[in-house]
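> This is the structure I have questions about; it appears just below.
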Amino acid sequence: MTPGARFAQVVVRSPLGRRGSARGEGAGPASRSGLQQTFHYSIPTRLRDQLVPGQLVWVPFGPRQLPGIVLALSDSSPVAETKDILEVIDPRPVLTPYHLDLMYWISQYYQTSLHRVAWGMFPPGISWRAETIIHLERAADDVTSPKPKERLILDLLRQREPMSLAQIGRQLKMKQWRSVVERMVRKGWLRKQLQVRGPQVRPKTEAVVQLLALPTDEDMAALYRAAKQRAVMMHLRQQAQEEGTTFPLVILVKELCAQVRVTRSVVDRLVERGLLVLSQREVRRDPLAGREFVTTVPPKFTLDQEVAWQHIANGLEAAKSQVFLLHGVTGSGKTEIYLRALAKVLEQGGQGIALVPEIALTPQTIRRFAARFPDRLAVVHSKLSTGERYDEWRRIRDGRADVVIGPMAAIFAPLPRLRLIVLDEEHEWTYKHQEMPRYHTRDVAVKLGELTGALVILGSATPDLTSYYRAQRGEYTLLELPQRIMGHQRSIEQQKKKLRVGHRQEQVKTLGPGYEDARYMDLPPVEVVDLRAELRAGNRSAFSRALQSAMHVALAAGEQVILFLNRRGAATFVMCRDCGYVIKCPGCDIPLTYHTDIEYLLCHRCNFQCSVPRICPDCGSKRIKFFGIGTQKVEQIVRKLFPQARTLRWDRDVTGGKGAHEQILSKFVNHEADVLIGTQMIAKGLDLPLVTLVGVITADTGLRLPDFRASERTFQLLTQVAGRAGRSILGGKVIIQTYAPQHFCIQAASHHDYRGFYRQELEFRRQQGYPPFNRLVKLLFVDKSARRCEEEPERLRRLLDSSIARLGIPDVDIIGPTPCFIGRIRGRYRWQIVVRGLNPTELLADLYLPPGWRVDVDPVSLL
């Protein structure tokens, strides 16, 4: 901080272009080059001792007043003319010094404007507002001949002064009223004042009354004719005497009214008499309200866990940033290591963030973490209400929560003493933000660890290829957990009683000397079914004979089954059998999917809906047929083949409401359903002890996509969904159905062979020059005009080629331009260029991209 500094560097909440310049009148641009466009403002004398970096302020920006964030203070400005900061919105900084540094890094690394990064660090729905208030000046009293519109405004303000600018407009409903008000301000008749409003969402409060002392006999006598008021006071006196309460006695008004069976007006009369004091008390909107968590005791580590833990414990003692890649098979005890690391951090007075890739994983994660850290947990995810997010954000900023759990947005939680960051399922592509700024949470977490000295743990049964490559090169420390842990002997016996089994104990094995009490199991066997052979044998069902037989066995035994298909709906496309016409979305280049629940065709990109045509729009034929399969169709088949089985579906179509994920998971855990059918939501981190069979309806859904990560993503999905089977002493089995049984990623998944897959996929990446051997930048152009969408990428390609030759940048090549895999979405055409090299962003350093271009650094997909 610079005491008495005269100027502040501010990032303004204004949608500036990626390389454009938009300066407010009198606001000097502090940084006009590249992406980090900020502006200098002068600091009024009254604010010079209040302003610090990270604060929110109101600033003039052209004709508007906008919020901004103070980045730095200085005694000089690069420009001669600057405008004053108008007001401080919040005296407390909303961004810590390390968040400011992280903001700059994200902007530079991901080629994103600074204001997009800055305002993306706040929870959605939390925005600050300001109103312009209009006052009458004394000069208005001497006005003798105002114009008609001026007279209307003067008369209105004389009746209702002061008024906001918006109120004046609503009341008068005249044209050009703003310009009239501005003219009157210049004449000195009116005065404008900026009034800062808080966030759109505010703290929730409830009315409470206080009884400051026991009512005297005189007080009660005065209520002789007010029976209801007397009943309230007698109730409060009795409560205070029985509980031995120290005064003041505080009680919620609504509770008091319910207990005595009176209305609010009765309490208000007692307040007027001075017998009670009315006030407002803030109430936290707790997303975990009403839930109870049974405290758990940390179990003894196995040998592999102990080895991994010692490395992490030493890292925590070293108090410097390190990155650990925890590669553990499904069920190997990775979460217990996270919990132990957090416990140690809290003992040291620090705080931690635990990230999960999907909201679907949040309920189960919350249960395990809340059982270990009750009352110290904050939850951050998009299914919370705006009020809940606001309250959790304030708790975190105030230091009243020490552990933050949630998907990727939780990485920006303003913890003041951050010492640990955990990314569970670190391989998941959902950690990549799909809107500007397009950051990857994993890389942001690593950078945040560097800035704060926090230790970072990346955990996965199927690590991202680049992460594992970095670990092999020594950039990360590799820790491995190769065995599935079933628990200790006591927990095994408890499982036997709960599951009512005794004949499968031979599957559980002891770990060896020193760990006689601990038990483990082999990973479940995987059977690969060739669907081509099923067709040759005359089986045209989506379920192979092996899968149907295994389901009969599991369901007859009272066990549960998971069926995985990464495709929603009932039919993936609808086609005319005579002419081959496929019904597509009018705004997107994809077929419409049929959904049985709404009996409509639906576009999964823009949500366009229409009914199924009775005749072909192209040839008039009535031979309209449904093709393909989705989760809804799978559910129909299960009900037909196994009419006694209770089914449950878990995909985006049924998880739109608040708490939907938790409700579905709770039903299945409580055995209210026998078969769970779902998309990739069910493939991640769920611990379901009654599941003994996992069936993959088709493993080929994403395998043949034109994307260099198609094999990796398929391997990860298959391995992860296979890990849902055999999580208890019941054991388990996995059946993978495919038309490509010999593909190396399917073979590797069937043997739980990560290293074998890694070696083969790494060689493919080496030959093709893909990550981790090079980095990629995807430049996507979107436009309503098909012609412009083709011409603009061609122009940019020529410019990039020229820049490579002029700058002499080595080892950089350009792929494209080409139409995207989905060439049109929401009526906009899409073309892309991919820049590949060791440092491809170097080519973009001084490049101006006009509107329509989107930059994606380190894309997780080229589709």
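Quick note on naming: the chains in the structure tokens go A, B, ... in the order shown, residues restart at 1 in each chain, and ligands are numbered from 1 in order of appearance.
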Among segment 329-565 of chain A, which ones does DSSP place in strand (DSSP E or B), written as a ChimeraX atom specification?

/A:351-355,377-379,403-406,418-424,432,440,455-460,477-481,484-488,509-510,518-521,526-530,560-564

> May I have the residues within 10 Å of Glu792 of chain A as a count of residues only, using only C-alpha atoms and disregarding those fewer than 6 positions away in the same chain?

8

> Can you pull out the residues contacting His115 of chain A? Cut-off 7 Å, using only C-alpha atoms, and skip same-chain residues under 6 positions away; I want them as a PDB file with all heavy atoms, in the first residue's frame.


ATOM      1  N   VAL A  11      -9.232  -1.952 -12.962  1.00  0.00           N
ATOM      2  CA  VAL A  11      -9.831  -2.723 -14.048  1.00  0.00           C
ATOM      3  C   VAL A  11     -11.338  -2.521 -13.949  1.00  0.00           C
ATOM      4  O   VAL A  11     -11.949  -2.753 -12.910  1.00  0.00           O
ATOM      5  CB  VAL A  11      -9.452  -4.220 -13.986  1.00  0.00           C
ATOM      6  CG1 VAL A  11      -9.831  -4.856 -12.655  1.00  0.00           C
ATOM      7  CG2 VAL A  11     -10.095  -4.987 -15.133  1.00  0.00           C
ATOM      8  N   VAL A  12     -11.912  -2.030 -15.035  1.00  0.00           N
ATOM      9  CA  VAL A  12     -13.309  -1.609 -15.050  1.00  0.00           C
ATOM     10  C   VAL A  12     -14.173  -2.721 -15.602  1.00  0.00           C
ATOM     11  O   VAL A  12     -13.778  -3.441 -16.525  1.00  0.00           O
ATOM     12  CB  VAL A  12     -13.476  -0.332 -15.903  1.00  0.00           C
ATOM     13  CG1 VAL A  12     -14.930   0.139 -15.894  1.00  0.00           C
ATOM     14  CG2 VAL A  12     -12.563   0.769 -15.379  1.00  0.00           C
ATOM     15  N   ARG A  13     -15.368  -2.856 -15.039  1.00  0.00           N
ATOM     16  CA  ARG A  13     -16.292  -3.875 -15.531  1.00  0.00           C
ATOM     17  C   ARG A  13     -16.966  -3.364 -16.800  1.00  0.00           C
ATOM     18  O   ARG A  13     -18.103  -2.881 -16.792  1.00  0.00           O
ATOM     19  CB  ARG A  13     -17.334  -4.222 -14.484  1.00  0.00           C
ATOM     20  CG  ARG A  13     -18.189  -5.420 -14.906  1.00  0.00           C
ATOM     21  CD  ARG A  13     -19.056  -5.919 -13.778  1.00  0.00           C
ATOM     22  NE  ARG A  13     -19.628  -7.207 -14.100  1.00  0.00           N
ATOM     23  CZ  ARG A  13     -20.340  -7.940 -13.257  1.00  0.00           C
ATOM     24  NH1 ARG A  13     -20.543  -7.502 -12.036  1.00  0.00           N
ATOM     25  NH2 ARG A  13     -20.821  -9.103 -13.612  1.00  0.00           N
TER      26      ARG A  13
END

> Of the candidates A:Ser179, A:Gln193, A:Thr679, A:Thr45, which shows the shortest atom-to-atom distance to Ile153 of chain A, using only C-alpha atoms?

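Residue with the minimum atom-to-atom distance to Ile153 of chain A: A:Ser179.
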
> What lies within 10 Å of Ser42 of chain A using only C-alpha atoms, ignoring chain neighbours under 2 positions off, as a list in words?

Ala5, Arg6, Phe7, Ala8, Gln9, Gly26, Ala27, Gly28, His40, Pro44, Thr45, Arg48, Leu73, Ser74, Asp75, Ser76, Ser77, Glu81, Thr82, Lys83, Asp84, Ile85 and Leu86 of chain A

> Pick out the residues sitting within 9 Å of segment 428-430 of chain A, and hand them over as an MDAnalysis selection string; count only C-alpha atoms, and ignore anything fewer than 5 positions along from it in its own chain.

chainID A and resid 357:358 407:408 440 463:464 713 716 860:861

> Could those selected residues go to a file with all heavy atoms, as a compact mmCIF listing (two decimals), in the first residue's frame?


# COMPACT_ATOMS: atom_id res chain seq x y z
N PRO A 357 -15.04 -32.62 -9.94
CA PRO A 357 -15.32 -32.19 -11.31
C PRO A 357 -16.79 -31.99 -11.63
O PRO A 357 -17.12 -31.29 -12.58
CB PRO A 357 -14.73 -33.32 -12.16
CG PRO A 357 -14.83 -34.53 -11.28
CD PRO A 357 -14.62 -34.03 -9.88
N GLU A 358 -17.68 -32.62 -10.87
CA GLU A 358 -19.11 -32.57 -11.20
C GLU A 358 -19.92 -32.26 -9.95
O GLU A 358 -19.56 -32.68 -8.85
CB GLU A 358 -19.58 -33.93 -11.75
CG GLU A 358 -19.01 -34.30 -13.10
CD GLU A 358 -19.92 -33.87 -14.25
OE1 GLU A 358 -20.90 -33.17 -13.99
OE2 GLU A 358 -19.62 -34.23 -15.38
N PRO A 407 -17.17 -27.70 -7.33
CA PRO A 407 -16.56 -27.80 -8.65
C PRO A 407 -15.60 -26.64 -8.91
O PRO A 407 -15.20 -25.94 -7.98
CB PRO A 407 -17.76 -27.79 -9.61
CG PRO A 407 -18.94 -28.13 -8.75
CD PRO A 407 -18.61 -27.57 -7.40
N MET A 408 -15.27 -26.41 -10.17
CA MET A 408 -14.10 -25.58 -10.50
C MET A 408 -14.16 -24.16 -9.96
O MET A 408 -13.11 -23.58 -9.63
CB MET A 408 -13.87 -25.57 -12.00
CG MET A 408 -15.02 -25.08 -12.83
SD MET A 408 -14.65 -25.23 -14.58
CE MET A 408 -16.23 -24.79 -15.27
N HIS A 440 -8.10 -23.74 -17.36
CA HIS A 440 -8.20 -25.11 -16.85
C HIS A 440 -7.93 -25.06 -15.36
O HIS A 440 -6.89 -24.57 -14.91
CB HIS A 440 -7.22 -26.04 -17.54
CG HIS A 440 -7.57 -27.49 -17.38
ND1 HIS A 440 -7.61 -28.11 -16.15
CD2 HIS A 440 -7.93 -28.44 -18.28
CE1 HIS A 440 -7.97 -29.38 -16.30
NE2 HIS A 440 -8.17 -29.59 -17.58
N PRO A 463 -5.03 -40.74 -14.49
CA PRO A 463 -4.53 -39.38 -14.62
C PRO A 463 -4.51 -38.90 -16.07
O PRO A 463 -4.34 -39.69 -17.00
CB PRO A 463 -3.10 -39.48 -14.06
CG PRO A 463 -3.10 -40.69 -13.20
CD PRO A 463 -4.07 -41.64 -13.83
N ASP A 464 -4.68 -37.60 -16.21
CA ASP A 464 -4.51 -36.99 -17.51
C ASP A 464 -3.11 -37.31 -18.02
O ASP A 464 -2.13 -37.31 -17.28
CB ASP A 464 -4.68 -35.48 -17.38
CG ASP A 464 -4.53 -34.76 -18.70
OD1 ASP A 464 -5.53 -34.66 -19.42
OD2 ASP A 464 -3.41 -34.31 -19.00
N ARG A 713 -10.09 -40.28 -23.56
CA ARG A 713 -11.35 -40.06 -22.87
C ARG A 713 -12.15 -41.36 -22.75
O ARG A 713 -12.79 -41.62 -21.74
CB ARG A 713 -12.16 -38.99 -23.59
CG ARG A 713 -13.36 -38.51 -22.81
CD ARG A 713 -13.94 -37.25 -23.39
NE ARG A 713 -13.03 -36.13 -23.28
CZ ARG A 713 -13.26 -34.93 -23.81
NH1 ARG A 713 -14.37 -34.71 -24.49
NH2 ARG A 713 -12.40 -33.95 -23.65
N GLN A 716 -10.57 -43.49 -20.02
CA GLN A 716 -10.88 -42.96 -18.69
C GLN A 716 -12.31 -43.26 -18.29
O GLN A 716 -12.58 -43.69 -17.15
CB GLN A 716 -10.61 -41.46 -18.67
CG GLN A 716 -9.13 -41.10 -18.74
CD GLN A 716 -8.88 -39.63 -19.03
OE1 GLN A 716 -9.78 -38.93 -19.52
NE2 GLN A 716 -7.69 -39.15 -18.75
N VAL A 860 -9.24 -28.86 -24.44
CA VAL A 860 -9.37 -30.27 -24.08
C VAL A 860 -9.96 -31.08 -25.22
O VAL A 860 -10.00 -32.31 -25.17
CB VAL A 860 -10.24 -30.44 -22.81
CG1 VAL A 860 -9.55 -29.84 -21.60
CG2 VAL A 860 -11.63 -29.83 -23.01
N SER A 861 -10.42 -30.40 -26.26
CA SER A 861 -10.99 -31.07 -27.42
C SER A 861 -10.83 -30.18 -28.63
O SER A 861 -10.86 -28.95 -28.52
CB SER A 861 -12.47 -31.41 -27.19
OG SER A 861 -13.07 -31.89 -28.37

> Identify, on the basis of only C-alpha atoms, every residue whose closest approach to Lys149 of chain A does not exceed 9 Å; exclude the query and any residue fewer than 2 positions from it along the same chain; express the result as number ranges by chain.

A: 146-147, 151-154, 174, 177, 180

> Rounded to one decimal in Å, what is the spacing between atom CA of Leu592 of chain A and atom CA of Ala571 of chain A?

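Atom-to-atom, atom CA of Leu592 of chain A to atom CA of Ala571 of chain A, that is 8.9 Å.
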
> Quick one, how far is atom CA of Pro416 of chain A from atom CA of Asp391 of chain A?

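If I compute the distance from atom CA of Pro416 of chain A to atom CA of Asp391 of chain A, I get 16.6 Å.
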
> Per residue of segment 351-439 of chain A within 12 Å of segment 307-328 of chain A, note the shortest atom pair and the distance in Å to one decimal, counting only C-alpha atoms, and order the rows by chain and increasing residue number, as a Markdown table.


| residue | atom | partner | partner_atom | distance |
| --- | --- | --- | --- | --- |
| A:Gly352 | CA | A:Leu316 | CA | 12.0 |
| A:Leu418 | CA | A:Ser321 | CA | 11.2 |
| A:Arg419 | CA | A:Leu316 | CA | 8.2 |
| A:Leu420 | CA | A:Leu316 | CA | 8.4 |
| A:Ile421 | CA | A:Val323 | CA | 9.5 |
| A:Val422 | CA | A:Phe324 | CA | 9.6 |
| A:Leu423 | CA | A:Leu325 | CA | 9.7 |
| A:Asp424 | CA | A:Leu326 | CA | 9.3 |
| A:Glu425 | CA | A:His327 | CA | 9.8 |
| A:Glu426 | CA | A:Leu325 | CA | 9.0 |
| A:His427 | CA | A:His327 | CA | 10.8 |

> Run DSSP on the backbone and tell me which residues of segment 426-591 of chain A come out as helix (DSSP H, G or I); list them as a PyMOL selection string.

chain A and resi 429-431+441-452+465-472+489-499+505-507+531-536+545-556

> My list of candidates is A:Ile353, A:Leu779, A:Ala786, A:Val444. Which is closest to Pro414 of chain A when distances are computed with only C-alpha atoms?

A:Ile353

> Write out as a ChimeraX atom specification the residues lying within 10 Å of Gln259 of chain A, counting only C-alpha atoms and excluding same-chain residues fewer than 5 positions away.

/A:232,235,253-254

> Go ahead and write the selection's residues with N, CA and C atoms as a short mmCIF file (atom, residue, chain, number, x, y, z; two decimals), in the first residue's frame.


data_model
loop_
_atom_site.label_atom_id
_atom_site.label_comp_id
_atom_site.auth_asym_id
_atom_site.auth_seq_id
_atom_site.Cartn_x
_atom_site.Cartn_y
_atom_site.Cartn_z
N VAL A 232 -48.49 -13.18 26.06
CA VAL A 232 -47.13 -13.16 25.51
C VAL A 232 -46.12 -12.88 26.62
N HIS A 235 -45.75 -15.79 28.99
CA HIS A 235 -44.99 -16.87 28.33
C HIS A 235 -43.49 -16.58 28.39
N VAL A 253 -39.55 -13.65 16.33
CA VAL A 253 -40.93 -13.20 16.40
C VAL A 253 -41.88 -14.30 15.90
N LYS A 254 -41.52 -14.96 14.80
CA LYS A 254 -42.43 -15.98 14.25
C LYS A 254 -42.55 -17.17 15.20
#
